[in-house]
Amino acid sequence: MSSARTRHHYSGRSVAERRAERRTLFLDAGLTVFAERSYAGSSIAQVCAAAGLSRRQFYEQYSGREELLVDVYDEVQRRARAAFVEGLAGAGSGDPRVLIEAGMRAYVGAVTSDIRCLQVAFVEIVGVSAEVERHRAQVREGWGQVVAATAAAVPGVRTPPGGWDMAMSAFIGAVNGAVHHWSGRQPRPPVEDLLGVLSALLLALVLPAAPID
């Protein structure tokens with residue numbers, strides 16, 4: 001993107017609008033570069049080239065690649081969480097099985113619709129730094145709060161052994177493993193297979209176990 005084109009594109013826009021547009025460009029560039037080249041194997045110069053923006057503009061937005069990676073991860077999580085909540089709202093039933101299937105279907109659709117999201121949010125983000133791992137733990141807690149708040153309003157749903165924090169940590173670990181396995185297979189198995197596994201795991205956590213004869 002040339003400077004002349006950039007100036008024309010931004011003409012008449014506020015500072016906040018220009019900043020928001022640059023963030024969108026950097027987010028998409030981060031998704032592409034981190035997914036295709038890996039986070040460890042990428043550079044700010046590559047991100048800037050993919051975004052069509054300058055290093056100066058990058059540093060106006062981010063302190064470095066790690067901050068961009070976390071922003072990309074958060075955006076993927078935000079969209080997935082919104083899809084999950086929307087799926088629950090549209091389930092049209094109070095049956096826990098129907099609710100979980102609807103929520104997980106929406107979630108899986110959100111995270112598998114763009115393979116870049118899978119690579120960055122489930123592979124590249126892992127083990128980057130202690131600070132990023134703490135952030136990921138906070139995101140898991142946020143998911144726990146969403147699921148716990150939903151479960152509290154559904155008759156027949158239990159609090160998992162160990163509480164929601166532990167349960168969601170275990171579940172998200174399983175999600176990461178299953179999604180990584182699914183995305184790495186060529187050809188990839190049907191999305192329905194991934195959905196079935198994740199729905200079954202979440203159901204096992206929130207529904208009381210059947211009595212053993």
# chains A, B, ... in the order shown; residues from 1 in each chain; ligands from 1

call {"tool": "residues_around", "arguments": {"residues": "region 149-160 of chain A", "least_positions_apart": "2", "cutoff": "9 Å", "atoms": "only C-alpha atoms", "output": "MDAnalysis selection string"}}
result
chainID A and resid 85 88 94:96 144:147 162:164 166:167 205:208

call {"tool": "residues_around", "arguments": {"residues": "Val197 (chain A)", "least_positions_apart": "6", "cutoff": "10 Å", "atoms": "only C-alpha atoms", "output": "VMD selection string"}}
result
chain A and resid 174 to 175 178

call {"tool": "closest_residue", "arguments": {"among": "A:Ala106, A:Ile100, A:Val120, A:Ala204", "to": "Val70 (chain A)", "atoms": "only C-alpha atoms"}}
result
A:Val120

call {"tool": "closest_residue", "arguments": {"among": "A:Val191, A:Ile44, A:Ala80, A:Val98", "to": "Ser63 (chain A)", "atoms": "only C-alpha atoms"}}
result
A:Ile44

call {"tool": "closest_residue", "arguments": {"among": "A:Glu60, A:Glu101, A:Glu86, A:Glu66", "to": "Leu203 (chain A)", "atoms": "only C-alpha atoms"}}
result
A:Glu101

call {"tool": "closest_residue", "arguments": {"among": "A:Ala83, A:Leu118, A:Ala137, A:Cys48", "to": "Trp182 (chain A)", "atoms": "only C-alpha atoms"}}
result
A:Leu118

call {"tool": "select_by_dssp", "arguments": {"residues": "region 38-95 of chain A", "states": "helix (DSSP H, G or I)", "output": "PyMOL selection string"}}
result
chain A and resi 44-51+55-61+65-89

call {"tool": "write_last_selection", "arguments": {"atoms": "N, CA and C atoms", "output": "compact mmCIF listing (two decimals), in the first residue's frame"}}
result
# COMPACT_ATOMS: atom_id res chain seq x y z
N ILE A 44 8.67 -8.67 12.52
CA ILE A 44 7.81 -7.49 12.41
C ILE A 44 7.79 -6.99 10.98
N ALA A 45 8.93 -7.06 10.29
CA ALA A 45 8.98 -6.61 8.90
C ALA A 45 8.01 -7.41 8.04
N GLN A 46 7.90 -8.71 8.26
CA GLN A 46 6.97 -9.54 7.50
C GLN A 46 5.53 -9.18 7.81
N VAL A 47 5.25 -8.91 9.08
CA VAL A 47 3.90 -8.51 9.46
C VAL A 47 3.54 -7.18 8.80
N CYS A 48 4.45 -6.24 8.84
CA CYS A 48 4.19 -4.93 8.24
C CYS A 48 3.97 -5.05 6.74
N ALA A 49 4.77 -5.89 6.09
CA ALA A 49 4.61 -6.08 4.64
C ALA A 49 3.24 -6.68 4.33
N ALA A 50 2.81 -7.65 5.13
CA ALA A 50 1.50 -8.28 4.92
C ALA A 50 0.36 -7.30 5.17
N ALA A 51 0.56 -6.39 6.12
CA ALA A 51 -0.48 -5.40 6.45
C ALA A 51 -0.47 -4.21 5.50
N ARG A 55 6.73 0.10 9.87
CA ARG A 55 7.16 -0.26 11.22
C ARG A 55 6.76 0.82 12.21
N ARG A 56 6.82 2.08 11.81
CA ARG A 56 6.40 3.17 12.70
C ARG A 56 4.95 2.98 13.10
N GLN A 57 4.10 2.64 12.15
CA GLN A 57 2.69 2.43 12.45
C GLN A 57 2.50 1.19 13.34
N PHE A 58 3.34 0.19 13.13
CA PHE A 58 3.27 -1.00 13.99
C PHE A 58 3.55 -0.62 15.43
N TYR A 59 4.62 0.14 15.66
CA TYR A 59 5.00 0.47 17.03
C TYR A 59 4.10 1.53 17.65
N GLU A 60 3.31 2.21 16.84
CA GLU A 60 2.26 3.06 17.40
C GLU A 60 1.13 2.22 17.99
N GLN A 61 1.02 0.98 17.50
CA GLN A 61 -0.07 0.10 17.90
C GLN A 61 0.37 -0.94 18.93
N ARG A 65 6.05 -8.13 18.67
CA ARG A 65 5.28 -9.24 18.10
C ARG A 65 4.42 -9.95 19.14
N GLU A 66 4.95 -10.08 20.35
CA GLU A 66 4.20 -10.81 21.36
C GLU A 66 2.87 -10.13 21.67
N GLU A 67 2.87 -8.83 21.75
CA GLU A 67 1.62 -8.11 22.02
C GLU A 67 0.63 -8.30 20.88
N LEU A 68 1.13 -8.31 19.64
CA LEU A 68 0.26 -8.57 18.50
C LEU A 68 -0.28 -9.98 18.56
N LEU A 69 0.57 -10.96 18.88
CA LEU A 69 0.12 -12.34 18.97
C LEU A 69 -1.01 -12.48 19.98
N VAL A 70 -0.87 -11.85 21.14
CA VAL A 70 -1.91 -11.91 22.16
C VAL A 70 -3.18 -11.24 21.67
N ASP A 71 -3.05 -10.14 20.95
CA ASP A 71 -4.23 -9.44 20.41
C ASP A 71 -4.95 -10.33 19.41
N VAL A 72 -4.19 -11.02 18.55
CA VAL A 72 -4.80 -11.95 17.60
C VAL A 72 -5.51 -13.08 18.35
N TYR A 73 -4.84 -13.65 19.32
CA TYR A 73 -5.41 -14.73 20.14
C TYR A 73 -6.70 -14.26 20.81
N ASP A 74 -6.68 -13.08 21.40
CA ASP A 74 -7.86 -12.56 22.08
C ASP A 74 -9.02 -12.35 21.12
N GLU A 75 -8.71 -11.89 19.91
CA GLU A 75 -9.77 -11.67 18.92
C GLU A 75 -10.39 -13.00 18.50
N VAL A 76 -9.58 -14.02 18.30
CA VAL A 76 -10.11 -15.35 17.97
C VAL A 76 -10.99 -15.86 19.11
N GLN A 77 -10.51 -15.71 20.34
CA GLN A 77 -11.28 -16.15 21.50
C GLN A 77 -12.58 -15.36 21.65
N ARG A 78 -12.51 -14.06 21.40
CA ARG A 78 -13.71 -13.22 21.52
C ARG A 78 -14.78 -13.69 20.54
N ARG A 79 -14.38 -13.94 19.30
CA ARG A 79 -15.34 -14.38 18.29
C ARG A 79 -15.89 -15.76 18.62
N ALA A 80 -15.02 -16.64 19.12
CA ALA A 80 -15.47 -17.98 19.47
C ALA A 80 -16.46 -17.93 20.63
N ARG A 81 -16.16 -17.09 21.62
CA ARG A 81 -17.04 -16.97 22.79
C ARG A 81 -18.38 -16.38 22.36
N ALA A 82 -18.36 -15.37 21.49
CA ALA A 82 -19.61 -14.77 21.01
C ALA A 82 -20.43 -15.80 20.24
N ALA A 83 -19.76 -16.62 19.44
CA ALA A 83 -20.48 -17.65 18.69
C ALA A 83 -21.08 -18.69 19.63
N PHE A 84 -20.34 -19.07 20.66
CA PHE A 84 -20.83 -20.05 21.64
C PHE A 84 -22.08 -19.53 22.34
N VAL A 85 -22.03 -18.30 22.80
CA VAL A 85 -23.17 -17.70 23.51
C VAL A 85 -24.36 -17.57 22.57
N GLU A 86 -24.10 -17.17 21.32
CA GLU A 86 -25.18 -17.04 20.35
C GLU A 86 -25.80 -18.41 20.04
N GLY A 87 -24.94 -19.43 19.96
CA GLY A 87 -25.45 -20.77 19.72
C GLY A 87 -26.34 -21.24 20.86
N LEU A 88 -25.95 -20.96 22.10
CA LEU A 88 -26.78 -21.31 23.25
C LEU A 88 -28.13 -20.59 23.18
N ALA A 89 -28.08 -19.30 22.86
CA ALA A 89 -29.31 -18.50 22.83
C ALA A 89 -30.28 -19.00 21.76

call {"tool": "residues_around", "arguments": {"residues": "Val179 (chain A)", "least_positions_apart": "2", "cutoff": "12 Å", "atoms": "only C-alpha atoms", "output": "VMD selection string"}}
result
chain A and resid 107 to 109 111 to 112 115 117 to 123 171 to 177 181 to 185 188 to 191 193 to 195 197 to 198

call {"tool": "write_last_selection", "arguments": {"atoms": "N, CA and C atoms", "output": "mmCIF file, in the first residue's frame"}}
result
data_model
loop_
_atom_site.group_PDB
_atom_site.id
_atom_site.type_symbol
_atom_site.label_atom_id
_atom_site.label_comp_id
_atom_site.auth_asym_id
_atom_site.auth_seq_id
_atom_site.Cartn_x
_atom_site.Cartn_y
_atom_site.Cartn_z
ATOM 1 N N TYR A 107 -19.349 -22.822 18.346
ATOM 2 C CA TYR A 107 -17.933 -22.620 18.688
ATOM 3 C C TYR A 107 -17.019 -23.274 17.661
ATOM 4 N N VAL A 108 -17.279 -24.532 17.360
ATOM 5 C CA VAL A 108 -16.438 -25.252 16.405
ATOM 6 C C VAL A 108 -16.499 -24.583 15.034
ATOM 7 N N GLY A 109 -17.677 -24.126 14.645
ATOM 8 C CA GLY A 109 -17.792 -23.418 13.371
ATOM 9 C C GLY A 109 -16.940 -22.165 13.339
ATOM 10 N N VAL A 111 -14.151 -21.501 15.123
ATOM 11 C CA VAL A 111 -12.702 -21.701 15.175
ATOM 12 C C VAL A 111 -12.168 -22.501 13.996
ATOM 13 N N THR A 112 -13.033 -23.227 13.284
ATOM 14 C CA THR A 112 -12.552 -24.006 12.139
ATOM 15 C C THR A 112 -12.794 -23.322 10.803
ATOM 16 N N ILE A 115 -8.465 -21.601 8.974
ATOM 17 C CA ILE A 115 -7.403 -22.454 9.509
ATOM 18 C C ILE A 115 -6.300 -21.638 10.157
ATOM 19 N N CYS A 117 -6.755 -19.236 12.215
ATOM 20 C CA CYS A 117 -7.156 -19.077 13.618
ATOM 21 C C CYS A 117 -6.756 -20.291 14.433
ATOM 22 N N LEU A 118 -6.950 -21.469 13.865
ATOM 23 C CA LEU A 118 -6.570 -22.691 14.572
ATOM 24 C C LEU A 118 -5.069 -22.710 14.846
ATOM 25 N N GLN A 119 -4.281 -22.398 13.829
ATOM 26 C CA GLN A 119 -2.834 -22.472 13.979
ATOM 27 C C GLN A 119 -2.318 -21.491 15.025
ATOM 28 N N VAL A 120 -2.830 -20.272 14.984
ATOM 29 C CA VAL A 120 -2.327 -19.247 15.891
ATOM 30 C C VAL A 120 -2.863 -19.431 17.305
ATOM 31 N N ALA A 121 -4.171 -19.647 17.442
ATOM 32 C CA ALA A 121 -4.791 -19.671 18.770
ATOM 33 C C ALA A 121 -4.649 -21.000 19.495
ATOM 34 N N PHE A 122 -4.262 -22.061 18.778
ATOM 35 C CA PHE A 122 -4.147 -23.364 19.425
ATOM 36 C C PHE A 122 -2.739 -23.950 19.362
ATOM 37 N N VAL A 123 -1.867 -23.354 18.555
ATOM 38 C CA VAL A 123 -0.511 -23.883 18.424
ATOM 39 C C VAL A 123 0.537 -22.815 18.726
ATOM 40 N N PHE A 171 -10.849 -29.176 30.220
ATOM 41 C CA PHE A 171 -11.600 -29.206 28.961
ATOM 42 C C PHE A 171 -10.864 -28.453 27.862
ATOM 43 N N ILE A 172 -10.333 -27.274 28.184
ATOM 44 C CA ILE A 172 -9.630 -26.494 27.160
ATOM 45 C C ILE A 172 -8.356 -27.202 26.725
ATOM 46 N N GLY A 173 -7.696 -27.908 27.674
ATOM 47 C CA GLY A 173 -6.563 -28.720 27.273
ATOM 48 C C GLY A 173 -6.973 -29.788 26.273
ATOM 49 N N ALA A 174 -8.131 -30.395 26.518
ATOM 50 C CA ALA A 174 -8.648 -31.397 25.587
ATOM 51 C C ALA A 174 -9.037 -30.765 24.254
ATOM 52 N N VAL A 175 -9.630 -29.580 24.308
ATOM 53 C CA VAL A 175 -9.977 -28.864 23.081
ATOM 54 C C VAL A 175 -8.724 -28.595 22.252
ATOM 55 N N ASN A 176 -7.682 -28.086 22.919
ATOM 56 C CA ASN A 176 -6.441 -27.788 22.208
ATOM 57 C C ASN A 176 -5.883 -29.040 21.531
ATOM 58 N N GLY A 177 -5.867 -30.154 22.284
ATOM 59 C CA GLY A 177 -5.335 -31.391 21.719
ATOM 60 C C GLY A 177 -6.170 -31.901 20.559
ATOM 61 N N HIS A 181 -4.979 -32.016 16.656
ATOM 62 C CA HIS A 181 -5.006 -33.295 15.945
ATOM 63 C C HIS A 181 -5.843 -33.183 14.675
ATOM 64 N N TRP A 182 -7.026 -32.595 14.795
ATOM 65 C CA TRP A 182 -7.935 -32.473 13.651
ATOM 66 C C TRP A 182 -7.308 -31.635 12.542
ATOM 67 N N SER A 183 -6.716 -30.497 12.905
ATOM 68 C CA SER A 183 -6.187 -29.577 11.892
ATOM 69 C C SER A 183 -4.943 -30.125 11.208
ATOM 70 N N GLY A 184 -4.211 -31.042 11.885
ATOM 71 C CA GLY A 184 -2.978 -31.561 11.314
ATOM 72 C C GLY A 184 -3.158 -32.756 10.407
ATOM 73 N N ARG A 185 -4.364 -33.316 10.377
ATOM 74 C CA ARG A 185 -4.614 -34.489 9.531
ATOM 75 C C ARG A 185 -4.876 -34.077 8.090
ATOM 76 N N ARG A 188 -8.371 -33.671 6.394
ATOM 77 C CA ARG A 188 -8.949 -33.496 7.720
ATOM 78 C C ARG A 188 -10.232 -34.317 7.857
ATOM 79 N N PRO A 189 -10.430 -34.881 9.039
ATOM 80 C CA PRO A 189 -11.696 -35.589 9.281
ATOM 81 C C PRO A 189 -12.867 -34.603 9.202
ATOM 82 N N PRO A 190 -14.087 -35.114 9.072
ATOM 83 C CA PRO A 190 -15.247 -34.213 9.063
ATOM 84 C C PRO A 190 -15.302 -33.372 10.338
ATOM 85 N N VAL A 191 -15.744 -32.136 10.207
ATOM 86 C CA VAL A 191 -15.895 -31.265 11.373
ATOM 87 C C VAL A 191 -16.851 -31.881 12.378
ATOM 88 N N ASP A 193 -16.961 -34.833 13.359
ATOM 89 C CA ASP A 193 -16.214 -35.702 14.276
ATOM 90 C C ASP A 193 -15.637 -34.893 15.427
ATOM 91 N N LEU A 194 -15.059 -33.746 15.097
ATOM 92 C CA LEU A 194 -14.500 -32.863 16.128
ATOM 93 C C LEU A 194 -15.602 -32.370 17.048
ATOM 94 N N LEU A 195 -16.722 -31.964 16.470
ATOM 95 C CA LEU A 195 -17.853 -31.492 17.268
ATOM 96 C C LEU A 195 -18.343 -32.576 18.209
ATOM 97 N N VAL A 197 -16.733 -35.146 19.528
ATOM 98 C CA VAL A 197 -15.794 -35.388 20.620
ATOM 99 C C VAL A 197 -15.899 -34.299 21.682
ATOM 100 N N LEU A 198 -15.886 -33.041 21.256
ATOM 101 C CA LEU A 198 -15.897 -31.931 22.211
ATOM 102 C C LEU A 198 -17.224 -31.849 22.961
#

call {"tool": "atom_distance", "arguments": {"atom1": "CA of Ala170 (chain A)", "atom2": "CA of Ser199 (chain A)"}}
result
14.0 Å

call {"tool": "closest_residue", "arguments": {"among": "A:Ile125, A:Ala16, A:Leu27, A:Val33", "to": "Tyr62 (chain A)", "atoms": "only C-alpha atoms"}}
result
A:Leu27

call {"tool": "atom_distance", "arguments": {"atom1": "CA of Gly196 (chain A)", "atom2": "CA of Arg105 (chain A)"}}
result
9.0 Å

call {"tool": "atom_distance", "arguments": {"atom1": "CA of Arg134 (chain A)", "atom2": "CA of Ala40 (chain A)"}}
result
19.1 Å

call {"tool": "closest_residue", "arguments": {"among": "A:Ala110, A:Met168, A:Ala20, A:Leu99", "to": "Val139 (chain A)", "atoms": "only C-alpha atoms"}}
result
A:Met168
